[in-house]
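Raw contents of run_25.cif, mmCIF, C-alpha atoms (C1' of nucleotides):
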data_entry
#
loop_
_atom_site.group_PDB
_atom_site.id
_atom_site.type_symbol
_atom_site.label_atom_id
_atom_site.label_comp_id
_atom_site.auth_asym_id
_atom_site.auth_seq_id
_atom_site.Cartn_x
_atom_site.Cartn_y
_atom_site.Cartn_z
ATOM 1 C CA MET H 1 4.301 -2.713 -63.320
ATOM 2 C CA ALA H 2 1.363 -0.426 -62.645
ATOM 3 C CA ARG H 3 -0.793 -0.797 -59.575
ATOM 4 C CA ARG H 4 -3.760 1.440 -59.274
ATOM 5 C CA GLY H 5 -5.264 3.114 -56.221
ATOM 6 C CA GLY H 6 -4.179 2.550 -52.666
ATOM 7 C CA GLY H 7 -6.521 -0.141 -51.365
ATOM 8 C CA GLU H 8 -5.092 -3.391 -50.014
ATOM 9 C CA PRO H 9 -4.778 -6.151 -52.613
ATOM 10 C CA VAL H 10 -7.764 -8.483 -52.561
ATOM 11 C CA CYS H 11 -7.483 -12.077 -53.683
ATOM 12 C CA LYS H 12 -10.626 -12.773 -55.629
ATOM 13 C CA VAL H 13 -9.921 -16.467 -55.902
ATOM 14 C CA ASP H 14 -12.844 -18.750 -55.234
ATOM 15 C CA PHE H 15 -11.252 -22.143 -55.280
ATOM 16 C CA PHE H 16 -7.790 -23.614 -55.564
ATOM 17 C CA ASP H 17 -5.884 -26.737 -54.649
ATOM 18 C CA PRO H 18 -3.999 -25.953 -51.420
ATOM 19 C CA LYS H 19 -1.670 -28.928 -51.775
ATOM 20 C CA ARG H 20 -0.570 -27.990 -55.302
ATOM 21 C CA VAL H 21 -0.143 -24.351 -54.376
ATOM 22 C CA ALA H 22 1.754 -25.051 -51.148
ATOM 23 C CA SER H 23 4.096 -27.426 -52.941
ATOM 24 C CA VAL H 24 4.988 -24.815 -55.534
ATOM 25 C CA ARG H 25 5.211 -22.009 -53.010
ATOM 26 C CA ARG H 26 7.740 -23.965 -50.995
ATOM 27 C CA ARG H 27 10.061 -24.146 -53.976
ATOM 28 C CA LEU H 28 9.544 -20.546 -55.113
ATOM 29 C CA LYS H 29 12.777 -18.526 -55.203
ATOM 30 C CA PRO H 30 12.937 -15.236 -53.279
ATOM 31 C CA ASP H 31 11.371 -12.227 -54.960
ATOM 32 C CA GLU H 32 14.756 -10.556 -55.208
ATOM 33 C CA THR H 33 16.151 -13.376 -57.338
ATOM 34 C CA LEU H 34 13.096 -13.608 -59.547
ATOM 35 C CA LEU H 35 13.064 -9.847 -60.006
ATOM 36 C CA SER H 36 16.681 -9.893 -61.176
ATOM 37 C CA LEU H 37 15.789 -12.688 -63.536
ATOM 38 C CA ALA H 38 12.817 -10.774 -64.914
ATOM 39 C CA GLU H 39 14.975 -7.691 -65.384
ATOM 40 C CA THR H 40 17.606 -9.692 -67.201
ATOM 41 C CA PHE H 41 15.014 -11.000 -69.632
ATOM 42 C CA LYS H 42 13.507 -7.543 -69.917
ATOM 43 C CA ALA H 43 16.903 -6.174 -70.898
ATOM 44 C CA LEU H 44 16.898 -8.627 -73.794
ATOM 45 C CA GLY H 45 13.278 -7.830 -74.633
ATOM 46 C CA ASP H 46 13.812 -5.025 -77.105
ATOM 47 C CA LEU H 47 14.655 -5.149 -80.798
ATOM 48 C CA THR H 48 17.469 -2.600 -80.584
ATOM 49 C CA ARG H 49 19.100 -4.323 -77.650
ATOM 50 C CA ILE H 50 18.712 -7.774 -79.196
ATOM 51 C CA LYS H 51 20.517 -6.507 -82.278
ATOM 52 C CA ILE H 52 23.265 -5.090 -80.098
ATOM 53 C CA VAL H 53 23.658 -8.414 -78.324
ATOM 54 C CA PHE H 54 23.653 -10.311 -81.613
ATOM 55 C CA ALA H 55 26.291 -7.969 -83.022
ATOM 56 C CA LEU H 56 28.496 -8.223 -79.946
ATOM 57 C CA ALA H 57 28.177 -11.999 -80.062
ATOM 58 C CA GLN H 58 30.021 -11.771 -83.403
ATOM 59 C CA GLN H 59 32.735 -9.398 -82.283
ATOM 60 C CA GLU H 60 33.746 -6.499 -80.112
ATOM 61 C CA LEU H 61 32.397 -3.175 -81.427
ATOM 62 C CA CYS H 62 32.549 0.491 -80.486
ATOM 63 C CA VAL H 63 29.503 2.687 -79.953
ATOM 64 C CA CYS H 64 29.971 4.269 -83.377
ATOM 65 C CA ASP H 65 30.009 0.874 -85.095
ATOM 66 C CA LEU H 66 26.801 -0.094 -83.351
ATOM 67 C CA ALA H 67 25.086 3.184 -84.170
ATOM 68 C CA ASN H 68 25.979 2.752 -87.820
ATOM 69 C CA LEU H 69 24.938 -0.872 -87.897
ATOM 70 C CA LEU H 70 21.555 -0.092 -86.360
ATOM 71 C CA GLY H 71 21.029 3.143 -88.283
ATOM 72 C CA THR H 72 20.496 5.139 -85.130
ATOM 73 C CA THR H 73 22.353 7.693 -82.995
ATOM 74 C CA LYS H 74 25.229 7.150 -80.616
ATOM 75 C CA SER H 75 23.009 8.573 -77.894
ATOM 76 C CA ALA H 76 20.296 5.971 -78.417
ATOM 77 C CA VAL H 77 22.872 3.183 -78.491
ATOM 78 C CA SER H 78 24.596 4.494 -75.401
ATOM 79 C CA HIS H 79 21.318 4.575 -73.476
ATOM 80 C CA GLN H 80 20.596 0.971 -74.458
ATOM 81 C CA LEU H 81 24.117 -0.143 -73.640
ATOM 82 C CA ARG H 82 23.586 1.176 -70.163
ATOM 83 C CA VAL H 83 20.589 -1.098 -69.717
ATOM 84 C CA LEU H 84 22.672 -4.060 -70.846
ATOM 85 C CA ARG H 85 25.574 -2.984 -68.646
ATOM 86 C CA ASN H 86 23.288 -2.702 -65.624
ATOM 87 C CA MET H 87 22.257 -6.321 -66.038
ATOM 88 C CA ARG H 88 25.887 -7.373 -66.586
ATOM 89 C CA LEU H 89 25.103 -8.555 -70.085
ATOM 90 C CA VAL H 90 27.918 -6.578 -71.708
ATOM 91 C CA ARG H 91 31.318 -5.351 -70.643
ATOM 92 C CA TYR H 92 33.479 -2.583 -72.102
ATOM 93 C CA ARG H 93 37.060 -1.485 -72.390
ATOM 94 C CA LYS H 94 38.314 1.997 -73.166
ATOM 95 C CA ASP H 95 40.959 2.635 -75.805
ATOM 96 C CA GLY H 96 41.687 6.331 -76.165
ATOM 97 C CA LYS H 97 38.476 8.080 -77.113
ATOM 98 C CA MET H 98 36.807 4.860 -78.144
ATOM 99 C CA VAL H 99 34.843 2.474 -75.954
ATOM 100 C CA TYR H 100 34.682 -1.113 -77.124
ATOM 101 C CA TYR H 101 31.805 -3.305 -75.979
ATOM 102 C CA SER H 102 31.566 -7.078 -75.889
ATOM 103 C CA LEU H 103 29.364 -9.722 -74.285
ATOM 104 C CA ASP H 104 30.064 -10.174 -70.604
ATOM 105 C CA ASP H 105 30.316 -13.964 -70.570
ATOM 106 C CA ASP H 106 29.275 -17.161 -72.302
ATOM 107 C CA HIS H 107 25.964 -17.391 -70.433
ATOM 108 C CA ILE H 108 24.661 -14.546 -72.502
ATOM 109 C CA LYS H 109 25.472 -16.225 -75.772
ATOM 110 C CA ARG H 110 23.880 -19.471 -74.584
ATOM 111 C CA LEU H 111 20.796 -17.601 -73.394
ATOM 112 C CA PHE H 112 20.555 -15.846 -76.727
ATOM 113 C CA ASP H 113 21.021 -19.055 -78.711
ATOM 114 C CA GLU H 114 18.494 -20.956 -76.618
ATOM 115 C CA GLY H 115 15.949 -18.212 -77.287
ATOM 116 C CA LEU H 116 16.770 -18.173 -80.975
ATOM 117 C CA ARG H 117 16.231 -21.914 -81.166
ATOM 118 C CA HIS H 118 12.796 -21.526 -79.593
ATOM 119 C CA VAL H 119 11.819 -18.786 -82.014
ATOM 120 C CA GLU H 120 13.114 -20.583 -85.078
ATOM 121 C CA GLU H 121 11.310 -23.793 -84.151
ATOM 122 C CA MET H 122 8.122 -21.836 -83.499
ATOM 123 C CA GLY H 123 7.540 -21.399 -87.237
ATOM 124 C CA MET U 1 9.574 1.642 -78.971
ATOM 125 C CA ALA U 2 8.793 5.343 -79.136
ATOM 126 C CA ARG U 3 9.961 7.513 -82.015
ATOM 127 C CA ARG U 4 9.279 11.183 -81.746
ATOM 128 C CA GLY U 5 8.315 13.641 -84.455
ATOM 129 C CA GLY U 6 8.041 12.792 -88.130
ATOM 130 C CA GLY U 7 11.441 13.644 -89.613
ATOM 131 C CA GLU U 8 13.509 10.982 -91.352
ATOM 132 C CA PRO U 9 15.985 9.182 -89.100
ATOM 133 C CA VAL U 10 19.415 10.797 -89.220
ATOM 134 C CA CYS U 11 22.560 8.823 -88.461
ATOM 135 C CA LYS U 12 24.723 11.111 -86.397
ATOM 136 C CA VAL U 13 27.694 8.801 -86.543
ATOM 137 C CA ASP U 14 30.994 10.459 -87.355
ATOM 138 C CA PHE U 15 33.322 7.541 -87.717
ATOM 139 C CA PHE U 16 33.108 3.778 -87.738
ATOM 140 C CA ASP U 17 34.992 0.773 -89.058
ATOM 141 C CA PRO U 18 33.245 -0.264 -92.302
ATOM 142 C CA LYS U 19 34.891 -3.680 -92.359
ATOM 143 C CA ARG U 20 33.761 -4.615 -88.864
ATOM 144 C CA VAL U 21 30.260 -3.290 -89.448
ATOM 145 C CA ALA U 22 29.838 -4.980 -92.827
ATOM 146 C CA SER U 23 31.019 -8.285 -91.429
ATOM 147 C CA VAL U 24 28.451 -8.197 -88.650
ATOM 148 C CA ARG U 25 25.687 -6.899 -90.907
ATOM 149 C CA ARG U 26 26.175 -9.840 -93.254
ATOM 150 C CA ARG U 27 25.461 -12.286 -90.442
ATOM 151 C CA LEU U 28 22.573 -10.340 -88.919
ATOM 152 C CA LYS U 29 19.317 -12.328 -88.831
ATOM 153 C CA PRO U 30 16.196 -10.847 -90.456
ATOM 154 C CA ASP U 31 14.320 -8.269 -88.402
ATOM 155 C CA GLU U 32 11.311 -10.547 -88.197
ATOM 156 C CA THR U 33 13.321 -13.252 -86.431
ATOM 157 C CA LEU U 34 15.032 -10.848 -84.068
ATOM 158 C CA LEU U 35 11.726 -9.174 -83.262
ATOM 159 C CA SER U 36 10.176 -12.524 -82.307
ATOM 160 C CA LEU U 37 13.202 -13.202 -80.172
ATOM 161 C CA ALA U 38 12.925 -9.820 -78.456
ATOM 162 C CA GLU U 39 9.226 -10.412 -77.834
ATOM 163 C CA THR U 40 9.935 -13.818 -76.357
ATOM 164 C CA PHE U 41 12.410 -12.318 -73.911
ATOM 165 C CA LYS U 42 10.041 -9.460 -73.216
ATOM 166 C CA ALA U 43 7.326 -11.963 -72.312
ATOM 167 C CA LEU U 44 9.688 -13.334 -69.660
ATOM 168 C CA GLY U 45 10.668 -9.840 -68.545
ATOM 169 C CA ASP U 46 8.064 -9.291 -65.859
ATOM 170 C CA LEU U 47 8.004 -10.444 -62.242
ATOM 171 C CA THR U 48 4.454 -11.780 -62.375
ATOM 172 C CA ARG U 49 5.080 -13.742 -65.555
ATOM 173 C CA ILE U 50 8.422 -15.063 -64.310
ATOM 174 C CA LYS U 51 6.658 -16.390 -61.237
ATOM 175 C CA ILE U 52 4.038 -18.002 -63.419
ATOM 176 C CA VAL U 53 6.720 -19.667 -65.528
ATOM 177 C CA PHE U 54 8.596 -20.807 -62.433
ATOM 178 C CA ALA U 55 5.414 -22.253 -60.964
ATOM 179 C CA LEU U 56 4.463 -24.043 -64.166
ATOM 180 C CA ALA U 57 7.983 -25.442 -64.401
ATOM 181 C CA GLN U 58 7.164 -27.305 -61.165
ATOM 182 C CA GLN U 59 3.765 -28.577 -62.206
ATOM 183 C CA GLU U 60 0.582 -27.974 -64.144
ATOM 184 C CA LEU U 61 -1.684 -25.424 -62.446
ATOM 185 C CA CYS U 62 -5.069 -23.848 -63.045
ATOM 186 C CA VAL U 63 -5.707 -20.104 -63.167
ATOM 187 C CA CYS U 64 -7.115 -20.137 -59.646
ATOM 188 C CA ASP U 65 -4.016 -21.858 -58.272
ATOM 189 C CA LEU U 66 -1.803 -19.259 -59.907
ATOM 190 C CA ALA U 67 -3.905 -16.355 -58.688
ATOM 191 C CA ASN U 68 -3.725 -17.692 -55.150
ATOM 192 C CA LEU U 69 -0.004 -18.379 -55.365
ATOM 193 C CA LEU U 70 0.714 -14.869 -56.612
ATOM 194 C CA GLY U 71 -1.813 -13.150 -54.374
ATOM 195 C CA THR U 72 -3.540 -11.485 -57.275
ATOM 196 C CA THR U 73 -6.772 -11.802 -59.253
ATOM 197 C CA LYS U 74 -7.735 -14.375 -61.842
ATOM 198 C CA SER U 75 -8.157 -11.523 -64.269
ATOM 199 C CA ALA U 76 -4.592 -10.298 -63.849
ATOM 200 C CA VAL U 77 -3.254 -13.838 -64.194
ATOM 201 C CA SER U 78 -5.390 -14.491 -67.234
ATOM 202 C CA HIS U 79 -4.099 -11.367 -68.956
ATOM 203 C CA GLN U 80 -0.509 -12.406 -68.302
ATOM 204 C CA LEU U 81 -1.150 -15.967 -69.410
ATOM 205 C CA ARG U 82 -2.304 -14.584 -72.722
ATOM 206 C CA VAL U 83 1.063 -12.879 -73.206
ATOM 207 C CA LEU U 84 2.835 -16.159 -72.483
ATOM 208 C CA ARG U 85 0.440 -18.067 -74.734
ATOM 209 C CA ASN U 86 1.046 -15.619 -77.579
ATOM 210 C CA MET U 87 4.764 -16.340 -77.459
ATOM 211 C CA ARG U 88 4.088 -20.088 -77.204
ATOM 212 C CA LEU U 89 5.706 -20.244 -73.809
ATOM 213 C CA VAL U 90 2.771 -22.021 -72.175
ATOM 214 C CA ARG U 91 0.080 -24.409 -73.324
ATOM 215 C CA TYR U 92 -3.252 -25.251 -71.727
ATOM 216 C CA ARG U 93 -5.835 -27.985 -71.535
ATOM 217 C CA LYS U 94 -9.436 -27.653 -70.517
ATOM 218 C CA ASP U 95 -11.042 -29.982 -68.014
ATOM 219 C CA GLY U 96 -14.631 -29.018 -67.356
ATOM 220 C CA LYS U 97 -14.712 -25.490 -66.029
ATOM 221 C CA MET U 98 -11.029 -25.530 -65.231
ATOM 222 C CA VAL U 99 -8.156 -24.610 -67.497
ATOM 223 C CA TYR U 100 -4.800 -26.141 -66.671
ATOM 224 C CA TYR U 101 -1.642 -24.451 -67.847
ATOM 225 C CA SER U 102 1.846 -25.897 -68.278
ATOM 226 C CA LEU U 103 5.094 -24.956 -70.002
ATOM 227 C CA ASP U 104 4.943 -25.429 -73.733
ATOM 228 C CA ASP U 105 8.202 -27.349 -74.143
ATOM 229 C CA ASP U 106 11.633 -28.011 -72.677
ATOM 230 C CA HIS U 107 13.210 -24.986 -74.369
ATOM 231 C CA ILE U 108 11.385 -22.761 -71.959
ATOM 232 C CA LYS U 109 12.712 -24.537 -68.910
ATOM 233 C CA ARG U 110 16.250 -24.446 -70.310
ATOM 234 C CA LEU U 111 15.905 -20.762 -71.147
ATOM 235 C CA PHE U 112 14.641 -20.069 -67.648
ATOM 236 C CA ASP U 113 17.400 -22.110 -66.003
ATOM 237 C CA GLU U 114 20.128 -20.508 -68.095
ATOM 238 C CA GLY U 115 18.849 -17.083 -67.055
ATOM 239 C CA LEU U 116 18.663 -18.134 -63.427
ATOM 240 C CA ARG U 117 22.249 -19.359 -63.545
ATOM 241 C CA HIS U 118 23.368 -15.976 -64.882
ATOM 242 C CA VAL U 119 21.512 -14.103 -62.167
ATOM 243 C CA GLU U 120 22.704 -16.336 -59.345
ATOM 244 C CA GLU U 121 26.320 -16.072 -60.451
ATOM 245 C CA MET U 122 25.973 -12.311 -60.740
ATOM 246 C CA GLY U 123 26.059 -11.945 -56.960
ATOM 247 C "C1'" DG M 1 45.210 26.290 -74.853
ATOM 248 C "C1'" DC M 2 42.029 25.281 -78.693
ATOM 249 C "C1'" DT M 3 39.357 22.358 -81.737
ATOM 250 C "C1'" DA M 4 37.423 18.041 -83.072
ATOM 251 C "C1'" DT M 5 35.566 13.675 -82.040
ATOM 252 C "C1'" DA M 6 33.665 9.548 -78.983
ATOM 253 C "C1'" DA M 7 30.730 8.741 -75.640
ATOM 254 C "C1'" DT M 8 27.622 9.666 -71.729
ATOM 255 C "C1'" DT M 9 23.846 11.925 -69.455
ATOM 256 C "C1'" DG M 10 19.339 14.330 -68.184
ATOM 257 C "C1'" DA M 11 14.977 16.115 -69.535
ATOM 258 C "C1'" DA M 12 10.991 15.723 -72.352
ATOM 259 C "C1'" DC M 13 7.586 13.256 -74.766
ATOM 260 C "C1'" DA M 14 5.107 9.608 -77.238
ATOM 261 C "C1'" DA M 15 4.209 4.880 -76.979
ATOM 262 C "C1'" DT M 16 3.634 0.820 -74.445
ATOM 263 C "C1'" DT M 17 2.370 -1.859 -70.460
ATOM 264 C "C1'" DA M 18 0.288 -4.147 -66.069
ATOM 265 C "C1'" DT M 19 -3.381 -4.048 -63.089
ATOM 266 C "C1'" DT M 20 -8.103 -3.091 -61.900
ATOM 267 C "C1'" DC M 21 -12.967 -3.182 -62.649
ATOM 268 C "C1'" DA M 22 -17.032 -4.651 -64.898
ATOM 269 C "C1'" DA M 23 -19.183 -7.365 -68.176
ATOM 270 C "C1'" DC M 24 -19.228 -11.500 -70.440
ATOM 271 C "C1'" DT M 25 -18.913 -16.785 -71.922
ATOM 272 C "C1'" DA M 26 -18.808 -21.553 -70.729
ATOM 273 C "C1'" DT M 27 -19.504 -25.347 -67.840
ATOM 274 C "C1'" DC M 28 -21.297 -27.814 -63.858
ATOM 275 C "C1'" DT M 29 -25.068 -28.764 -60.382
ATOM 276 C "C1'" DT M 30 -29.519 -28.929 -58.896
ATOM 277 C "C1'" DA Z 1 -34.109 -23.333 -66.460
ATOM 278 C "C1'" DA Z 2 -31.693 -21.041 -62.755
ATOM 279 C "C1'" DG Z 3 -27.662 -20.263 -60.000
ATOM 280 C "C1'" DA Z 4 -22.833 -20.765 -59.102
ATOM 281 C "C1'" DT Z 5 -18.136 -20.966 -60.429
ATOM 282 C "C1'" DA Z 6 -13.768 -20.779 -63.760
ATOM 283 C "C1'" DG Z 7 -11.985 -18.155 -66.913
ATOM 284 C "C1'" DT Z 8 -11.652 -14.504 -70.603
ATOM 285 C "C1'" DT Z 9 -12.003 -9.935 -72.397
ATOM 286 C "C1'" DG Z 10 -12.263 -4.706 -73.146
ATOM 287 C "C1'" DA Z 11 -11.791 -0.186 -71.324
ATOM 288 C "C1'" DA Z 12 -9.543 2.882 -68.234
ATOM 289 C "C1'" DT Z 13 -5.553 4.484 -65.981
ATOM 290 C "C1'" DA Z 14 -1.034 4.920 -63.691
ATOM 291 C "C1'" DA Z 15 3.567 3.646 -64.432
ATOM 292 C "C1'" DT Z 16 7.285 2.544 -67.318
ATOM 293 C "C1'" DT Z 17 10.002 2.769 -71.422
ATOM 294 C "C1'" DG Z 18 12.739 4.158 -75.846
ATOM 295 C "C1'" DT Z 19 14.182 7.809 -78.654
ATOM 296 C "C1'" DT Z 20 15.365 12.521 -79.420
ATOM 297 C "C1'" DC Z 21 17.634 16.774 -78.392
ATOM 298 C "C1'" DA Z 22 20.904 19.552 -75.990
ATOM 299 C "C1'" DA Z 23 24.493 19.822 -72.893
ATOM 300 C "C1'" DT Z 24 28.501 17.688 -70.899
ATOM 301 C "C1'" DT Z 25 32.813 14.857 -70.140
ATOM 302 C "C1'" DA Z 26 37.038 12.871 -71.811
ATOM 303 C "C1'" DT Z 27 40.617 12.059 -74.967
ATOM 304 C "C1'" DA Z 28 43.620 13.138 -79.223
ATOM 305 C "C1'" DG Z 29 46.094 16.182 -82.255
ATOM 306 C "C1'" DC Z 30 47.600 20.625 -83.414
#

Final structure tokens representation of the file:
Amino acid sequence: MARRGGGEPVCKVDFFDPKRVASVRRRLKPDETLLSLAETFKALGDLTRIKIVFALAQQELCVCDLANLLGTTKSAVSHQLRVLRNMRLVRYRKDGKMVYYSLDDDHIKRLFDEGLRHVEEMG
Amino acid sequence: MARRGGGEPVCKVDFFDPKRVASVRRRLKPDETLLSLAETFKALGDLTRIKIVFALAQQELCVCDLANLLGTTKSAVSHQLRVLRNMRLVRYRKDGKMVYYSLDDDHIKRLFDEGLRHVEEMG
DNA sequence: GCTATAATTGAACAATTATTCAACTATCTT
DNA sequence: AAGATAGTTGAATAATTGTTCAATTATAGC
């Protein structure tokens, strides 16, 4: 998001179908819900994080495993895991010094698979 | 993405489980596929675009309708529609001066609904 | 207590992004 | 042909984002 200036937003629309618009507006979910939804998708909208999710869909892994798999640092992975944690996409358990991550629930795998199907049928 | 400097990437990982990592790496999809997937999710990862997708899931709308619904300009909507078009999330048909947009296929609706279910169960 | 290792965190910076504005194309009406 | 309207596009800019580096926390073994 990136609004400019401070002026009030002006709707430069010349013509629209009030019936169509009203009908959709009535069914529109609250901003709060849609924002959470957008943020969930955004959390999946990065190559590194998608790889993390794919990997965790196979099996539980520690931060070191992920860093090695992705060829990056533990720090970078940890930062990205936080994004996924914030959106409740992954969970973790501690075992001594290690922290093992896994997908939070089956929704995530279904979401991932549904997206993959779209991409693979896109050609 | 935002790499800094020019040095070669260094893997600062001290220890990892080679068996686990190798097993996951073997099943990892090609970068190209995962990048498309990430970009698809990224296209859905914005409040304005999520609202557009939600609206189009209800019914076909023209750019003016969308601009009015979202309280923004046709220009802003048009820019965002291009992002969605690029990822084949929406299609359009022209009718005179008007351009009517709709969701490209049922995958999109399922993807959206699956995400919504996750968010609404998140609490 | 001391050292080593796993992971997290905050600051900094380059890259990316969303909206605005202005200019433009295309289509309809007269 | 001229004027009006629907939509697209490019440039500019403020905000956001991902990785790196350095410092820190927490646990294990000696």

Give me the result of the PyMOL selection byres ((chain H and resi 42-48) around 8) on this file, residue by residue, as a compact mmCIF listing (two decimals) with C-alpha atoms, in the frame of the given file.
# COMPACT_ATOMS: atom_id res chain seq x y z
CA ALA H 38 12.82 -10.77 -64.91
CA GLU H 39 14.98 -7.69 -65.38
CA THR H 40 17.61 -9.69 -67.20
CA PHE H 41 15.01 -11.00 -69.63
CA ARG H 49 19.10 -4.32 -77.65
CA ILE H 50 18.71 -7.77 -79.20
CA LYS H 51 20.52 -6.51 -82.28
CA ILE H 52 23.26 -5.09 -80.10
CA LEU H 70 21.56 -0.09 -86.36
CA GLN H 80 20.60 0.97 -74.46
CA VAL H 83 20.59 -1.10 -69.72
CA LEU H 84 22.67 -4.06 -70.85
CA MET H 87 22.26 -6.32 -66.04
CA LEU U 34 15.03 -10.85 -84.07
CA LEU U 35 11.73 -9.17 -83.26
CA LEU U 37 13.20 -13.20 -80.17
CA ALA U 38 12.92 -9.82 -78.46
CA GLU U 39 9.23 -10.41 -77.83
CA THR U 40 9.94 -13.82 -76.36
CA PHE U 41 12.41 -12.32 -73.91
CA LYS U 42 10.04 -9.46 -73.22
CA ALA U 43 7.33 -11.96 -72.31
CA LEU U 44 9.69 -13.33 -69.66
CA GLY U 45 10.67 -9.84 -68.54
CA ASP U 46 8.06 -9.29 -65.86

Taking only C-alpha atoms (C1' of nucleotides) into account, which residues of chain Z are within 6 Å of chain U, as a PyMOL selection string?
-> chain Z and resi 6+18-19

Over all C-alpha pairs taken in sequence order, what does chain H look like after a least-squares fit onto chain U? Please give it as a short mmCIF file (atom, residue, chain, number, x, y, z; two decimals) with C-alpha atoms, in the frame of the given file.
data_model
loop_
_atom_site.label_atom_id
_atom_site.label_comp_id
_atom_site.auth_asym_id
_atom_site.auth_seq_id
_atom_site.Cartn_x
_atom_site.Cartn_y
_atom_site.Cartn_z
CA MET H 1 9.50 1.54 -78.72
CA ALA H 2 8.75 5.24 -79.00
CA ARG H 3 9.88 7.29 -81.95
CA ARG H 4 9.21 10.96 -81.86
CA GLY H 5 8.21 13.34 -84.64
CA GLY H 6 8.02 12.47 -88.29
CA GLY H 7 11.39 13.48 -89.70
CA GLU H 8 13.56 10.89 -91.45
CA PRO H 9 16.03 9.13 -89.15
CA VAL H 10 19.45 10.76 -89.24
CA CYS H 11 22.59 8.80 -88.49
CA LYS H 12 24.75 11.10 -86.44
CA VAL H 13 27.73 8.80 -86.56
CA ASP H 14 31.05 10.46 -87.27
CA PHE H 15 33.35 7.52 -87.65
CA PHE H 16 33.11 3.76 -87.71
CA ASP H 17 34.98 0.76 -89.04
CA PRO H 18 33.24 -0.25 -92.28
CA LYS H 19 34.86 -3.69 -92.36
CA ARG H 20 33.74 -4.59 -88.83
CA VAL H 21 30.25 -3.26 -89.43
CA ALA H 22 29.83 -4.95 -92.81
CA SER H 23 30.99 -8.26 -91.40
CA VAL H 24 28.41 -8.15 -88.63
CA ARG H 25 25.67 -6.85 -90.88
CA ARG H 26 26.15 -9.78 -93.22
CA ARG H 27 25.44 -12.22 -90.42
CA LEU H 28 22.53 -10.26 -88.91
CA LYS H 29 19.28 -12.25 -88.82
CA PRO H 30 16.16 -10.74 -90.42
CA ASP H 31 14.29 -8.17 -88.37
CA GLU H 32 11.29 -10.47 -88.17
CA THR H 33 13.30 -13.17 -86.41
CA LEU H 34 15.01 -10.77 -84.05
CA LEU H 35 11.70 -9.11 -83.23
CA SER H 36 10.18 -12.47 -82.29
CA LEU H 37 13.21 -13.14 -80.16
CA ALA H 38 12.93 -9.78 -78.43
CA GLU H 39 9.24 -10.38 -77.79
CA THR H 40 9.94 -13.78 -76.34
CA PHE H 41 12.42 -12.29 -73.89
CA LYS H 42 10.04 -9.44 -73.19
CA ALA H 43 7.34 -11.95 -72.29
CA LEU H 44 9.70 -13.32 -69.64
CA GLY H 45 10.67 -9.82 -68.52
CA ASP H 46 8.08 -9.29 -65.82
CA LEU H 47 8.03 -10.45 -62.22
CA THR H 48 4.48 -11.80 -62.35
CA ARG H 49 5.10 -13.74 -65.53
CA ILE H 50 8.44 -15.08 -64.30
CA LYS H 51 6.68 -16.42 -61.23
CA ILE H 52 4.05 -18.02 -63.42
CA VAL H 53 6.73 -19.68 -65.53
CA PHE H 54 8.61 -20.84 -62.44
CA ALA H 55 5.42 -22.28 -60.98
CA LEU H 56 4.47 -24.06 -64.19
CA ALA H 57 7.98 -25.47 -64.42
CA GLN H 58 7.14 -27.33 -61.19
CA GLN H 59 3.74 -28.58 -62.24
CA GLU H 60 0.57 -27.98 -64.18
CA LEU H 61 -1.70 -25.43 -62.47
CA CYS H 62 -5.09 -23.84 -63.06
CA VAL H 63 -5.70 -20.10 -63.19
CA CYS H 64 -7.12 -20.15 -59.67
CA ASP H 65 -4.01 -21.86 -58.29
CA LEU H 66 -1.81 -19.27 -59.92
CA ALA H 67 -3.90 -16.36 -58.69
CA ASN H 68 -3.71 -17.70 -55.16
CA LEU H 69 0.00 -18.39 -55.37
CA LEU H 70 0.74 -14.89 -56.62
CA GLY H 71 -1.79 -13.16 -54.37
CA THR H 72 -3.51 -11.50 -57.27
CA THR H 73 -6.75 -11.81 -59.26
CA LYS H 74 -7.71 -14.38 -61.85
CA SER H 75 -8.13 -11.50 -64.28
CA ALA H 76 -4.56 -10.30 -63.85
CA VAL H 77 -3.24 -13.84 -64.20
CA SER H 78 -5.36 -14.49 -67.25
CA HIS H 79 -4.07 -11.35 -68.96
CA GLN H 80 -0.48 -12.41 -68.28
CA LEU H 81 -1.12 -15.96 -69.42
CA ARG H 82 -2.26 -14.56 -72.71
CA VAL H 83 1.09 -12.86 -73.19
CA LEU H 84 2.85 -16.14 -72.48
CA ARG H 85 0.46 -18.03 -74.74
CA ASN H 86 1.06 -15.58 -77.58
CA MET H 87 4.77 -16.31 -77.45
CA ARG H 88 4.10 -20.06 -77.23
CA LEU H 89 5.71 -20.23 -73.82
CA VAL H 90 2.78 -22.02 -72.18
CA ARG H 91 0.09 -24.39 -73.33
CA TYR H 92 -3.27 -25.23 -71.74
CA ARG H 93 -5.84 -27.96 -71.56
CA LYS H 94 -9.46 -27.60 -70.53
CA ASP H 95 -11.07 -29.92 -68.01
CA GLY H 96 -14.67 -28.96 -67.34
CA LYS H 97 -14.72 -25.42 -66.04
CA MET H 98 -11.04 -25.46 -65.22
CA VAL H 99 -8.16 -24.57 -67.51
CA TYR H 100 -4.82 -26.13 -66.68
CA TYR H 101 -1.64 -24.43 -67.86
CA SER H 102 1.82 -25.89 -68.30
CA LEU H 103 5.08 -24.95 -70.01
CA ASP H 104 4.95 -25.42 -73.75
CA ASP H 105 8.20 -27.33 -74.17
CA ASP H 106 11.62 -27.99 -72.69
CA HIS H 107 13.21 -24.96 -74.37
CA ILE H 108 11.39 -22.74 -71.96
CA LYS H 109 12.71 -24.52 -68.93
CA ARG H 110 16.25 -24.44 -70.32
CA LEU H 111 15.91 -20.74 -71.14
CA PHE H 112 14.65 -20.07 -67.65
CA ASP H 113 17.41 -22.11 -66.01
CA GLU H 114 20.12 -20.50 -68.12
CA GLY H 115 18.87 -17.08 -67.04
CA LEU H 116 18.68 -18.15 -63.42
CA ARG H 117 22.27 -19.35 -63.56
CA HIS H 118 23.38 -15.97 -64.88
CA VAL H 119 21.52 -14.11 -62.15
CA GLU H 120 22.72 -16.36 -59.36
CA GLU H 121 26.34 -16.10 -60.48
CA MET H 122 25.99 -12.32 -60.75
CA GLY H 123 26.09 -11.97 -56.95
#
